[in-house]
$ cat structure-v3.txt   # compact mmCIF, C-alpha atoms (C1' of nucleotides)
# COMPACT_ATOMS: atom_id res chain seq x y z
CA MET A 44 78.20 73.58 44.32
CA ASN A 45 81.44 71.66 43.83
CA ALA A 46 84.10 73.06 46.14
CA GLU A 47 86.89 71.18 44.43
CA ALA A 48 85.88 72.58 41.05
CA ILE A 49 86.10 76.11 42.40
CA LYS A 50 89.50 75.43 43.94
CA LYS A 51 90.73 73.98 40.70
CA SER A 52 89.52 76.83 38.57
CA LEU A 53 91.23 79.34 40.88
CA GLN A 54 94.46 77.40 40.61
CA ASP A 55 94.13 77.10 36.86
CA GLY A 56 93.81 80.88 36.80
CA GLY A 57 97.06 81.19 38.73
CA LEU A 58 95.32 82.35 41.90
CA ARG A 59 95.76 81.02 45.41
CA CYS A 60 92.69 79.65 47.04
CA THR A 61 92.06 81.85 50.06
CA PRO A 62 88.82 81.73 52.05
CA GLN A 63 87.89 85.23 50.88
CA ARG A 64 88.59 84.60 47.21
CA TYR A 65 86.78 81.28 47.39
CA ALA A 66 83.76 82.97 48.96
CA VAL A 67 83.58 85.64 46.26
CA MET A 68 83.85 83.06 43.49
CA ALA A 69 81.30 80.74 45.12
CA PHE A 70 78.88 83.61 45.63
CA LEU A 71 79.10 84.55 41.96
CA MET A 72 78.53 80.97 40.87
CA GLU A 73 75.46 80.68 43.08
CA HIS A 74 74.02 84.07 42.18
CA THR A 75 73.67 84.53 38.45
CA SER A 76 71.82 87.84 38.75
CA HIS A 77 74.95 89.93 37.99
CA PRO A 78 75.46 91.42 41.44
CA THR A 79 77.40 94.62 41.99
CA ALA A 80 80.64 94.71 43.98
CA ALA A 81 78.76 96.31 46.88
CA GLU A 82 76.22 93.48 46.90
CA ILE A 83 78.91 90.84 46.76
CA PHE A 84 80.82 92.48 49.59
CA LYS A 85 77.73 92.76 51.77
CA ALA A 86 76.77 89.10 51.27
CA VAL A 87 80.25 87.65 51.63
CA ASN A 88 81.12 89.86 54.59
CA ARG A 89 77.92 88.93 56.37
CA SER A 90 78.58 85.21 56.23
CA ASP A 91 82.29 85.72 56.99
CA PRO A 92 83.26 89.08 58.50
CA ARG A 93 86.91 88.35 57.80
CA CYS A 94 86.37 89.53 54.21
CA SER A 95 86.89 93.28 53.93
CA ARG A 96 85.73 95.64 51.25
CA ALA A 97 89.20 96.14 49.79
CA THR A 98 89.64 92.38 49.59
CA THR A 99 86.34 91.96 47.77
CA TYR A 100 87.41 94.52 45.17
CA ASN A 101 90.91 93.02 44.93
CA ASN A 102 89.48 89.58 44.35
CA LEU A 103 86.97 90.72 41.78
CA ARG A 104 89.82 92.40 39.91
CA ASP A 105 91.93 89.24 40.10
CA LEU A 106 89.08 86.97 39.02
CA VAL A 107 88.34 89.19 36.05
CA GLN A 108 92.02 89.30 35.08
CA ALA A 109 92.19 85.52 35.31
CA GLY A 110 89.20 85.27 32.98
CA LEU A 111 87.05 83.45 35.53
CA VAL A 112 84.60 86.31 35.93
CA ARG A 113 83.24 88.89 33.50
CA GLU A 114 82.61 92.52 34.38
CA VAL A 115 79.72 94.36 32.75
CA ALA A 116 79.81 98.16 32.74
CA VAL A 117 76.38 99.80 32.75
CA GLU A 118 75.91 103.50 32.01
CA GLY A 119 75.35 105.49 35.16
CA ARG A 120 75.35 102.45 37.39
CA ALA A 121 77.84 100.32 39.30
CA ALA A 122 79.65 97.55 37.44
CA ARG A 123 78.15 94.07 37.59
CA PHE A 124 79.88 90.71 37.75
CA ASP A 125 79.20 87.38 36.17
CA ALA A 126 80.86 83.98 36.61
CA ASN A 127 79.00 82.30 33.74
CA ASP A 128 81.81 80.69 31.78
CA MET A 129 79.75 79.83 28.72
CA PRO A 130 80.05 82.31 25.88
CA HIS A 131 77.04 84.59 26.00
CA HIS A 132 75.79 88.12 25.47
CA HIS A 133 73.84 90.50 27.68
CA PHE A 134 70.55 92.31 27.79
CA ILE A 135 70.46 95.47 29.92
CA CYS A 136 67.18 97.02 31.01
CA ASP A 137 67.00 100.77 30.37
CA ARG A 138 64.73 101.31 33.31
CA CYS A 139 65.94 99.13 36.20
CA GLY A 140 69.49 98.40 35.06
CA LYS A 141 69.02 94.65 35.38
CA VAL A 142 71.50 92.59 33.37
CA GLU A 143 70.33 89.29 31.87
CA ASP A 144 72.36 86.60 30.15
CA LEU A 145 71.46 85.66 26.60
CA ASP A 146 72.59 82.34 25.30
CA TRP A 147 75.26 82.71 22.64
CA TYR A 148 73.09 80.79 20.21
CA ASP A 149 70.05 82.99 20.80
CA VAL A 150 71.70 85.73 18.80
CA PRO A 151 73.78 85.76 15.65
CA ARG A 152 77.46 85.72 16.33
CA PRO A 153 79.51 88.40 14.56
CA ALA A 154 82.49 87.11 12.68
CA SER A 155 85.72 87.28 14.63
CA GLY A 156 89.01 88.30 13.15
CA VAL A 157 91.13 91.37 12.71
CA LEU A 158 89.46 94.77 12.66
CA GLY A 159 91.75 97.09 10.75
CA LYS A 160 94.92 97.45 12.82
CA ARG A 161 93.25 96.35 16.01
CA VAL A 162 93.95 93.07 17.78
CA LEU A 163 90.59 91.59 18.64
CA ARG A 164 90.22 89.70 21.92
CA GLU A 165 86.49 89.27 22.23
CA CYS A 166 83.24 90.73 21.12
CA GLU A 167 80.02 91.07 22.99
CA ILE A 168 76.58 92.09 21.90
CA ILE A 169 74.71 94.27 24.33
CA PHE A 170 70.97 94.45 23.83
CA ARG A 171 69.07 97.28 25.44
CA GLY A 172 65.42 97.83 26.10
CA LEU A 173 62.93 96.93 28.78
CA CYS A 174 63.01 93.66 30.69
CA ALA A 175 59.88 91.60 31.27
CA ARG A 176 59.19 93.33 34.60
CA CYS A 177 59.64 96.85 33.27
CA ALA A 178 57.93 96.55 29.88
CA PRO A 179 54.40 97.94 29.99
CA ARG A 180 52.05 94.98 29.94
CA HIS A 181 48.90 95.05 27.78
CA ALA A 182 50.62 97.82 25.82
CA SER A 183 47.94 97.73 23.10
CA ARG A 184 45.43 99.57 25.31
CA MET B 235 80.39 123.08 11.56
CA ASN B 236 76.86 124.21 10.78
CA ALA B 237 75.50 126.23 13.68
CA GLU B 238 71.97 126.14 12.33
CA ALA B 239 72.06 122.38 12.07
CA ILE B 240 73.05 122.08 15.72
CA LYS B 241 70.30 124.47 16.75
CA LYS B 242 67.81 122.53 14.75
CA SER B 243 68.78 119.16 16.13
CA LEU B 244 68.51 120.50 19.68
CA GLN B 245 65.03 121.78 18.94
CA ASP B 246 64.03 118.55 17.25
CA GLY B 247 65.10 116.81 20.44
CA GLY B 248 62.81 119.11 22.44
CA LEU B 249 65.71 121.00 24.01
CA ARG B 250 66.20 124.76 24.18
CA CYS B 251 69.30 126.08 22.55
CA THR B 252 71.31 127.65 25.34
CA PRO B 253 74.92 128.73 24.88
CA GLN B 254 76.11 126.03 27.25
CA ARG B 255 74.12 123.23 25.65
CA TYR B 256 75.15 124.39 22.22
CA ALA B 257 78.80 124.38 23.27
CA VAL B 258 78.63 120.83 24.62
CA MET B 259 76.93 119.57 21.46
CA ALA B 260 79.33 121.43 19.16
CA PHE B 261 82.31 120.11 21.09
CA LEU B 262 81.10 116.55 20.71
CA MET B 263 80.52 117.00 17.00
CA GLU B 264 84.02 118.38 16.52
CA HIS B 265 85.73 115.82 18.72
CA THR B 266 84.93 112.28 17.70
CA SER B 267 87.41 110.73 20.13
CA HIS B 268 84.72 109.86 22.70
CA PRO B 269 85.69 112.34 25.41
CA THR B 270 84.75 111.86 29.05
CA ALA B 271 82.45 114.29 30.87
CA ALA B 272 85.47 115.73 32.67
CA GLU B 273 87.25 116.40 29.36
CA ILE B 274 84.17 117.99 27.86
CA PHE B 275 83.69 120.19 30.90
CA LYS B 276 87.32 121.32 30.90
CA ALA B 277 87.28 122.24 27.22
CA VAL B 278 83.90 123.94 27.18
CA ASN B 279 84.51 125.78 30.43
CA ARG B 280 87.87 127.04 29.21
CA SER B 281 86.44 128.66 26.10
CA ASP B 282 83.40 129.91 28.01
CA PRO B 283 83.70 129.99 31.80
CA ARG B 284 79.96 130.47 32.08
CA CYS B 285 79.52 126.72 31.70
CA SER B 286 79.73 124.98 35.06
CA ARG B 287 80.39 121.36 35.85
CA ALA B 288 76.81 120.63 36.91
CA THR B 289 75.57 122.15 33.65
CA THR B 290 77.91 120.03 31.59
CA TYR B 291 76.60 116.89 33.28
CA ASN B 292 72.98 118.10 33.01
CA ASN B 293 73.39 118.75 29.32
CA LEU B 294 75.07 115.45 28.61
CA ARG B 295 72.18 113.72 30.37
CA ASP B 296 69.65 115.71 28.33
CA LEU B 297 71.44 115.11 25.04
CA VAL B 298 71.60 111.37 25.72
CA GLN B 299 67.90 111.31 26.66
CA ALA B 300 67.05 113.16 23.46
CA GLY B 301 68.98 110.57 21.47
CA LEU B 302 71.43 113.11 20.08
CA VAL B 303 74.41 111.69 21.94
CA ARG B 304 75.38 108.17 22.90
CA GLU B 305 76.99 107.22 26.18
CA VAL B 306 79.50 104.39 26.30
CA ALA B 307 80.20 102.75 29.66
CA VAL B 308 83.71 101.34 29.98
CA GLU B 309 84.67 98.98 32.82
CA GLY B 310 86.62 100.76 35.51
CA ARG B 311 86.73 104.05 33.64
CA ALA B 312 84.62 107.17 33.26
CA ALA B 313 81.76 107.11 30.74
CA ARG B 314 82.49 108.42 27.25
CA PHE B 315 80.24 110.37 24.91
CA ASP B 316 79.67 110.26 21.20
CA ALA B 317 77.58 112.48 18.90
CA ASN B 318 77.99 110.27 15.84
CA ASP B 319 74.41 109.84 14.64
CA MET B 320 75.14 107.10 12.12
CA PRO B 321 74.46 103.60 13.38
CA HIS B 322 77.74 102.09 14.46
CA HIS B 323 79.45 99.85 16.99
CA HIS B 324 82.47 100.35 19.22
CA PHE B 325 85.92 98.98 19.79
CA ILE B 326 87.35 99.47 23.29
CA CYS B 327 91.05 99.07 23.98
CA ASP B 328 91.79 96.86 26.99
CA ARG B 329 94.96 98.75 27.78
CA CYS B 330 94.31 102.46 27.27
CA GLY B 331 90.50 102.50 27.38
CA LYS B 332 90.27 104.30 24.04
CA VAL B 333 86.90 103.96 22.31
CA GLU B 334 86.81 103.82 18.51
CA ASP B 335 83.81 103.87 16.20
CA LEU B 336 83.30 100.98 13.82
CA ASP B 337 81.14 101.52 10.81
CA TRP B 338 77.91 99.54 11.02
CA TYR B 339 78.76 97.80 7.79
CA ASP B 340 82.22 96.74 8.96
CA VAL B 341 80.63 94.17 11.19
CA PRO B 342 77.73 91.78 10.77
CA ARG B 343 74.51 93.17 12.14
CA PRO B 344 72.65 90.92 14.55
CA ALA B 345 69.02 90.40 13.71
CA SER B 346 66.70 92.69 15.58
CA GLY B 347 63.39 91.60 17.00
CA VAL B 348 61.90 90.45 20.23
CA LEU B 349 64.11 88.62 22.71
CA GLY B 350 61.84 86.45 24.79
CA LYS B 351 59.65 88.75 26.86
CA ARG B 352 62.00 91.68 26.49
CA VAL B 353 61.25 94.79 24.48
CA LEU B 354 64.32 95.48 22.39
CA ARG B 355 65.34 99.10 21.79
CA GLU B 356 68.79 98.77 20.30
CA CYS B 357 71.73 96.51 20.13
CA GLU B 358 75.37 97.31 20.07
CA ILE B 359 78.41 95.17 19.47
CA ILE B 360 81.38 95.97 21.64
CA PHE B 361 84.70 94.67 20.40
CA ARG B 362 87.56 94.46 22.85
CA GLY B 363 91.25 94.05 22.39
CA LEU B 364 94.24 96.26 21.74
CA CYS B 365 94.09 99.37 19.57
CA ALA B 366 96.75 100.13 16.96
CA ARG B 367 98.80 102.15 19.44
CA CYS B 368 98.70 99.55 22.21
CA ALA B 369 99.12 96.36 20.19
CA PRO B 370 102.73 95.14 20.32
CA ARG B 371 104.28 95.92 16.97
CA HIS B 372 106.61 93.39 15.32
CA ALA B 373 105.05 90.84 17.63
CA SER B 374 106.83 87.95 15.88
CA ARG B 375 110.15 88.85 17.49
C1' DT C 9 58.57 145.30 23.99
C1' DA C 10 56.97 143.50 28.08
C1' DC C 11 55.33 139.83 30.81
C1' DA C 12 54.87 135.38 32.72
C1' DA C 13 55.83 130.58 32.76
C1' DA C 14 58.88 127.14 31.94
C1' DT C 15 63.34 125.80 31.66
C1' DT C 16 68.22 126.22 32.57
C1' DT C 17 72.29 127.49 35.12
C1' DT C 18 75.09 127.78 39.14
C1' DA C 19 78.56 126.92 43.19
C1' DG C 20 79.56 124.00 46.13
C1' DA C 21 78.20 120.46 49.35
C1' DC C 22 77.32 115.80 48.98
C1' DT C 23 77.21 110.67 47.64
C1' DA C 24 78.68 106.43 45.50
C1' DA C 25 82.05 103.56 43.68
C1' DG C 26 86.33 102.21 43.89
C1' DT C 27 91.66 102.65 44.97
C1' DC C 28 95.70 102.94 47.79
C1' DC C 29 98.66 102.16 51.70
C1' DA C 30 101.94 99.84 54.59
C1' DA C 31 101.59 96.82 58.43
C1' DT C 32 100.05 92.09 59.33
C1' DA C 33 98.63 87.44 58.05
C1' DT C 34 98.20 83.47 55.12
C1' DT C 35 99.56 80.21 51.56
C1' DA C 36 102.41 77.18 48.79
C1' DT C 37 106.90 75.25 48.28
C1' DA C 38 111.30 73.33 49.37
C1' DT D 103 108.80 74.09 59.37
C1' DA D 104 111.09 77.88 57.30
C1' DT D 105 110.80 80.93 53.72
C1' DA D 106 109.30 83.69 50.02
C1' DA D 107 105.58 85.09 47.62
C1' DT D 108 101.06 86.50 47.81
C1' DA D 109 96.84 88.11 50.12
C1' DT D 110 94.27 90.77 53.60
C1' DT D 111 93.15 94.75 56.37
C1' DG D 112 90.84 99.37 58.01
C1' DG D 113 90.52 103.51 56.86
C1' DA D 114 91.94 107.54 54.43
C1' DC D 115 91.65 108.98 49.92
C1' DT D 116 90.24 109.82 44.94
C1' DT D 117 87.24 110.09 41.15
C1' DA D 118 82.95 110.45 38.93
C1' DG D 119 78.85 112.15 39.22
C1' DT D 120 74.36 114.07 41.76
C1' DC D 121 71.66 117.34 44.31
C1' DT D 122 69.87 121.80 45.87
C1' DA D 123 67.43 125.99 45.81
C1' DA D 124 68.20 130.60 44.39
C1' DA D 125 69.15 133.35 40.29
C1' DA D 126 69.21 133.78 35.32
C1' DT D 127 67.74 132.85 30.72
C1' DT D 128 64.65 131.48 27.13
C1' DT D 129 60.33 131.31 24.80
C1' DG D 130 55.61 132.11 23.85
C1' DT D 131 51.91 135.46 24.16
C1' DA D 132 49.83 139.96 24.19
$ encode --input "structure-v3.txt" --output "structure tokens"
Amino acid sequence: MNAEAIKKSLQDGGLRCTPQRYAVMAFLMEHTSHPTAAEIFKAVNRSDPRCSRATTYNNLRDLVQAGLVREVAVEGRAARFDANDMPHHHFICDRCGKVEDLDWYDVPRPASGVLGKRVLRECEIIFRGLCARCAPRHASR
Amino acid sequence: MNAEAIKKSLQDGGLRCTPQRYAVMAFLMEHTSHPTAAEIFKAVNRSDPRCSRATTYNNLRDLVQAGLVREVAVEGRAARFDANDMPHHHFICDRCGKVEDLDWYDVPRPASGVLGKRVLRECEIIFRGLCARCAPRHASR
DNA sequence: TACAAATTTTAGACTAAGTCCAATATTATA
DNA sequence: TATAATATTGGACTTAGTCTAAAATTTGTA
């Protein structure tokens, strides 16, 4: 993982590069499984106990605001975070809550533009169903 | 609002028609503004104090499971509920968190089908931006 | 209508997820 | 290196939602 690239992207987002913020960002870039805030805190705090829970939440908020990280809300479950900077959509498993990235080009892209009197910033397609682990195998039986 | 129709849809969903459950369903059909569980509880409990908080949550869970109500997760905010049974997508305001329905035909519909090894149940497009109230008016100034 | 079985309701304690605070520390800039 | 702006901290707090087990209601059957 390129440390300089992380530093630069923090700066480009108008954020200072602190050890805690760097650690949160680096963790998200290395772990593309959409961890929850609690998971991120546990991992980052374990390898560097200087990072507190409040700081983890503060940094996630800042990274999302700066557009470097995406937050995915899942019904009845904790929010999940994602540093994948390529445009993409998500698949959420009904059973285990797992969030998977779908390549933008895997799915048709809805037209962007104005929606009535609303100012559109982004659109995301959320697919729901059962992931490969949760789907009943040999379902034909 | 057709009381018999509500009764029938509860039964079709395999749910008994209790006064509390009926009240939650009726409230959602009359209020299409995507209320939160707390708002639903307050309103239903005010007009009939027999309905407790736990019951409101239980019934929302049951109605969602039965497919009569949709739940919309919003980042950093309480879940919102929606009894609109027509296929549709949502617009979520970044600033105030308001959820608005978008007619299915207002937006292109992504192709359905299998996504890799995943079993697809539904897909929803979530549009984000600023609603008519929150968008800066006369923005050219 | 009366009974039994299944389902639903309840108050309130509890948990999980996340925010807030104000004192302290760190970072970037001049 | 001094300074101003920003970030970090532990821990109390809030908000959203779940759990429990006893009591009540609903529904099907006789």
$ interface_residues --input "structure-v3.txt" --of "chain B" --to "chain A" --cutoff "10 Å" --atoms "all atoms listed in the file" --output "MDAnalysis selection string"
chainID B and resid 305:314 323:328 336 340:346 349:370
$ write_last_selection --input "structure-v3.txt" --atoms "C-alpha atoms" --output "short mmCIF file (atom, residue, chain, number, x, y, z; two decimals), keeping the file's coordinate frame"
data_model
loop_
_atom_site.label_atom_id
_atom_site.label_comp_id
_atom_site.auth_asym_id
_atom_site.auth_seq_id
_atom_site.Cartn_x
_atom_site.Cartn_y
_atom_site.Cartn_z
CA GLU B 305 76.99 107.22 26.18
CA VAL B 306 79.50 104.39 26.30
CA ALA B 307 80.20 102.75 29.66
CA VAL B 308 83.71 101.34 29.98
CA GLU B 309 84.67 98.98 32.82
CA GLY B 310 86.62 100.76 35.51
CA ARG B 311 86.73 104.05 33.64
CA ALA B 312 84.62 107.17 33.26
CA ALA B 313 81.76 107.11 30.74
CA ARG B 314 82.49 108.42 27.25
CA HIS B 323 79.45 99.85 16.99
CA HIS B 324 82.47 100.35 19.22
CA PHE B 325 85.92 98.98 19.79
CA ILE B 326 87.35 99.47 23.29
CA CYS B 327 91.05 99.07 23.98
CA ASP B 328 91.79 96.86 26.99
CA LEU B 336 83.30 100.98 13.82
CA ASP B 340 82.22 96.74 8.96
CA VAL B 341 80.63 94.17 11.19
CA PRO B 342 77.73 91.78 10.77
CA ARG B 343 74.51 93.17 12.14
CA PRO B 344 72.65 90.92 14.55
CA ALA B 345 69.02 90.40 13.71
CA SER B 346 66.70 92.69 15.58
CA LEU B 349 64.11 88.62 22.71
CA GLY B 350 61.84 86.45 24.79
CA LYS B 351 59.65 88.75 26.86
CA ARG B 352 62.00 91.68 26.49
CA VAL B 353 61.25 94.79 24.48
CA LEU B 354 64.32 95.48 22.39
CA ARG B 355 65.34 99.10 21.79
CA GLU B 356 68.79 98.77 20.30
CA CYS B 357 71.73 96.51 20.13
CA GLU B 358 75.37 97.31 20.07
CA ILE B 359 78.41 95.17 19.47
CA ILE B 360 81.38 95.97 21.64
CA PHE B 361 84.70 94.67 20.40
CA ARG B 362 87.56 94.46 22.85
CA GLY B 363 91.25 94.05 22.39
CA LEU B 364 94.24 96.26 21.74
CA CYS B 365 94.09 99.37 19.57
CA ALA B 366 96.75 100.13 16.96
CA ARG B 367 98.80 102.15 19.44
CA CYS B 368 98.70 99.55 22.21
CA ALA B 369 99.12 96.36 20.19
CA PRO B 370 102.73 95.14 20.32
#
$ interface_residues --input "structure-v3.txt" --of "chain A" --to "chain C" --cutoff "10 Å" --atoms "only C-alpha atoms (C1' of nucleotides)" --output "VMD selection string"
chain A and resid 59 to 61 80 to 81 96 to 97 100 to 101 120 to 122
$ residues_around --input "structure-v3.txt" --residues "Ala66 (chain A)" --least-positions-apart "3" --cutoff "9 Å" --atoms "all atoms listed in the file" --output "MDAnalysis selection string"
chainID A and resid 61:63 69:71 87 91 94
$ write_last_selection --input "structure-v3.txt" --atoms "C-alpha atoms" --output "mmCIF file, in the frame of the given file"
data_model
loop_
_atom_site.group_PDB
_atom_site.id
_atom_site.type_symbol
_atom_site.label_atom_id
_atom_site.label_comp_id
_atom_site.auth_asym_id
_atom_site.auth_seq_id
_atom_site.Cartn_x
_atom_site.Cartn_y
_atom_site.Cartn_z
ATOM 1 C CA THR A 61 92.060 81.850 50.060
ATOM 2 C CA PRO A 62 88.820 81.730 52.050
ATOM 3 C CA GLN A 63 87.890 85.230 50.880
ATOM 4 C CA ALA A 69 81.300 80.740 45.120
ATOM 5 C CA PHE A 70 78.880 83.610 45.630
ATOM 6 C CA LEU A 71 79.100 84.550 41.960
ATOM 7 C CA VAL A 87 80.250 87.650 51.630
ATOM 8 C CA ASP A 91 82.290 85.720 56.990
ATOM 9 C CA CYS A 94 86.370 89.530 54.210
#
$ atom_distance --input "structure-v3.txt" --atom1 "CA of Met68 (chain A)" --atom2 "CA of Pro130 (chain A)"
18.0 Å
$ closest_atom_pairs --input "structure-v3.txt" --of "chain D" --to "chain A" --cutoff "9 Å" --atoms "all atoms listed in the file" --output "Markdown table"
| residue | atom | partner | partner_atom | distance |
| --- | --- | --- | --- | --- |
| D:DT108 | C1' | A:Arg59 | CA | 8.0 |
| D:DA109 | C1' | A:Thr61 | CA | 7.9 |
| D:DT110 | C1' | A:Thr98 | CA | 6.3 |
| D:DT111 | C1' | A:Ser95 | CA | 6.9 |
| D:DG112 | C1' | A:Ser95 | CA | 8.3 |
| D:DG119 | C1' | A:Gly119 | CA | 8.5 |
$ atom_distance --input "structure-v3.txt" --atom1 "C1' of DT129 (chain D)" --atom2 "CA of Gln245 (chain B)"
12.1 Å
$ atom_distance --input "structure-v3.txt" --atom1 "CA of Lys85 (chain A)" --atom2 "CA of His131 (chain A)"
27.0 Å
$ axis_aligned_box --input "structure-v3.txt" --around "region 114-131 of chain D" --padding-each-side "6 Å" --output "JSON"
{"center_x": 71.9, "center_y": 121.5, "center_z": 39.1, "size_x": 52.0, "size_y": 39.9, "size_z": 42.6}
